[in-house]
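Single-structure report; data block below.
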Amino acid sequence: MDKKEVMTKLLDEQLLKLLKIFINNPAQEYYLRELAKRARVPPATTYRTIQLFKKLDLIKEHKMKRFKFYSLHEENAAFLADILADRKSAVQEFVDTVKQDPNIEMMVLHGKEERSKANILIIGNNIDQELIRDAALQAKEAYGFNIIHLTLVPDQYNQMSSMGLYPGKKVILYEK
């Protein structure tokens, strides 16, 4: 079990929802009702949780006239951000970057995504190879994750699939 799983099991679900809002938007300031609405947590519970966060010095309170705004105390909450922040996976970031090419019809995860690598089939006509290479390099640099990719035209993919050259689990990552 990784650190994020342990934390999510240890913490109350409502407390975790509120904490994640702050962690995923560290520069944002919120007022109480806005937090309650975004987290779908009752205002009274939100208030009690905010008071706990303030005691632990995870949250800063800013007063403007009669309004109170709350924001993340980034220095004190940095250790939580490392564990709880919602981050894209290397594969998801790769897909989001590469799907900008309008010539890509489909991307398929071939086999199982492993800890440090994934095999991705990219299907389409006249695909920008440089964009794909740059996105794979970015995944390698940012995450230490290898994306092994193969570009095919739709006919090639269909023929190879019908010949049984791509057996096993296939997950469609993107489809036009």
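In the structure tokens, chains take letters A, B, ... by order of appearance, with residues numbered from 1 within each chain and ligands from 1 in the order shown.
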Find the residues around range 29-45 of chain A up to 8 Å (only C-alpha atoms counted), leave out those fewer than 2 positions away in its own chain, and share them as a list in words. Gln14, Lys17, Leu18, Ile21, Ala27, Tyr47, Arg48, Thr49, Phe67, Lys68, Phe69, Tyr70, Ser71 and Leu72 of chain A
Since we have the selection now, will you write its residues out, keeping C-alpha atoms, as a tab-separated table (two decimals), in the first residue's frame?
chain	number	residue	atom	x	y	z
A	14	GLN	CA	-15.03	14.68	4.65
A	17	LYS	CA	-12.21	16.14	0.66
A	18	LEU	CA	-11.64	19.55	2.21
A	21	ILE	CA	-9.39	21.14	-2.28
A	27	ALA	CA	-2.96	29.70	-4.30
A	47	TYR	CA	-16.38	24.94	9.93
A	48	ARG	CA	-15.17	22.38	12.50
A	49	THR	CA	-12.67	20.95	10.03
A	67	PHE	CA	-15.74	37.99	5.48
A	68	LYS	CA	-13.23	35.27	6.26
A	69	PHE	CA	-11.22	33.55	3.56
A	70	TYR	CA	-9.10	30.46	3.96
A	71	SER	CA	-6.05	29.34	2.03
A	72	LEU	CA	-3.40	26.67	2.32
Considering only C-alpha atoms, return as number ranges by chain whatever protein or nucleic-acid residues lie within 12 Å of Asn146 in chain A, sequence-local ones (same chain, fewer than 3 positions apart) excluded. A: 90-91, 94, 113-120, 133, 135-143, 149
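Between CA of Leu131 in chain A and CA of Gln100 in chain A lies a distance of 9.2 Å.
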Could you pull out the residues in chain A that DSSP calls strand (DSSP E or B) from the backbone, as a PyMOL selection string? chain A and resi 30+59-64+67-72+104-110+117-124+146-152+170-175
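Distance check against Gln156 in chain A using only C-alpha atoms: of A:Ile132, A:Leu56, A:Ile122, A:Ala77, the minimum falls on A:Ile122.
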Would you write out, as a Markdown table, a table of all residues in range 5-119 of chain A that have an atom no more than 10 Å from an atom of range 124-129 of chain A, listing for each the closest atom pair and the distance in Å to one decimal, considering only C-alpha atoms and ordering rows by chain and rising residue number?
| residue | atom | partner | partner_atom | distance |
| --- | --- | --- | --- | --- |
| A:Val98 | CA | A:Asp128 | CA | 8.8 |
| A:Gln100 | CA | A:Asp128 | CA | 10.0 |
| A:Asp101 | CA | A:Asp128 | CA | 6.9 |
| A:Pro102 | CA | A:Ile127 | CA | 8.3 |
| A:Asn103 | CA | A:Ile127 | CA | 5.6 |
| A:Ile104 | CA | A:Gly124 | CA | 4.5 |
| A:Glu105 | CA | A:Gly124 | CA | 5.0 |
| A:Met106 | CA | A:Gly124 | CA | 6.9 |
| A:Met107 | CA | A:Gly124 | CA | 9.0 |
Keeping N, CA and C atoms for every residue in the selection just given, could you write it to a file as a PDB file, in the first residue's frame?
ATOM      1  N   VAL A  98      -0.413  14.038 -26.679  1.00  0.00           N
ATOM      2  CA  VAL A  98      -0.394  13.475 -28.029  1.00  0.00           C
ATOM      3  C   VAL A  98      -1.742  13.585 -28.737  1.00  0.00           C
ATOM      4  N   GLN A 100      -3.592  15.887 -29.086  1.00  0.00           N
ATOM      5  CA  GLN A 100      -3.756  17.182 -29.750  1.00  0.00           C
ATOM      6  C   GLN A 100      -3.562  17.064 -31.256  1.00  0.00           C
ATOM      7  N   ASP A 101      -2.863  16.023 -31.686  1.00  0.00           N
ATOM      8  CA  ASP A 101      -2.686  15.777 -33.120  1.00  0.00           C
ATOM      9  C   ASP A 101      -4.027  15.298 -33.676  1.00  0.00           C
ATOM     10  N   PRO A 102      -4.643  16.064 -34.585  1.00  0.00           N
ATOM     11  CA  PRO A 102      -5.965  15.698 -35.099  1.00  0.00           C
ATOM     12  C   PRO A 102      -5.963  14.427 -35.955  1.00  0.00           C
ATOM     13  N   ASN A 103      -4.790  13.949 -36.342  1.00  0.00           N
ATOM     14  CA  ASN A 103      -4.703  12.747 -37.171  1.00  0.00           C
ATOM     15  C   ASN A 103      -4.763  11.452 -36.361  1.00  0.00           C
ATOM     16  N   ILE A 104      -4.670  11.561 -35.054  1.00  0.00           N
ATOM     17  CA  ILE A 104      -4.716  10.364 -34.209  1.00  0.00           C
ATOM     18  C   ILE A 104      -6.169   9.952 -34.018  1.00  0.00           C
ATOM     19  N   GLU A 105      -6.454   8.708 -34.347  1.00  0.00           N
ATOM     20  CA  GLU A 105      -7.806   8.177 -34.216  1.00  0.00           C
ATOM     21  C   GLU A 105      -8.001   7.424 -32.911  1.00  0.00           C
ATOM     22  N   MET A 106      -6.924   6.755 -32.461  1.00  0.00           N
ATOM     23  CA  MET A 106      -7.059   5.943 -31.259  1.00  0.00           C
ATOM     24  C   MET A 106      -5.687   5.700 -30.638  1.00  0.00           C
ATOM     25  N   MET A 107      -5.670   5.563 -29.304  1.00  0.00           N
ATOM     26  CA  MET A 107      -4.472   5.146 -28.584  1.00  0.00           C
ATOM     27  C   MET A 107      -4.872   3.986 -27.683  1.00  0.00           C
TER      28      MET A 107
END
Give me every helix (DSSP H, G or I) residue in range 55-138 of chain A, going by DSSP on the backbone, as an MDAnalysis selection string. chainID A and resid 55 74:84 90:98 129:138
Which value, in Å to one decimal, gives the distance between CA of Val108 in chain A and CA of Glu5 in chain A?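 Computing the Euclidean distance for CA of Val108 in chain A and CA of Glu5 in chain A yields 27.4 Å.
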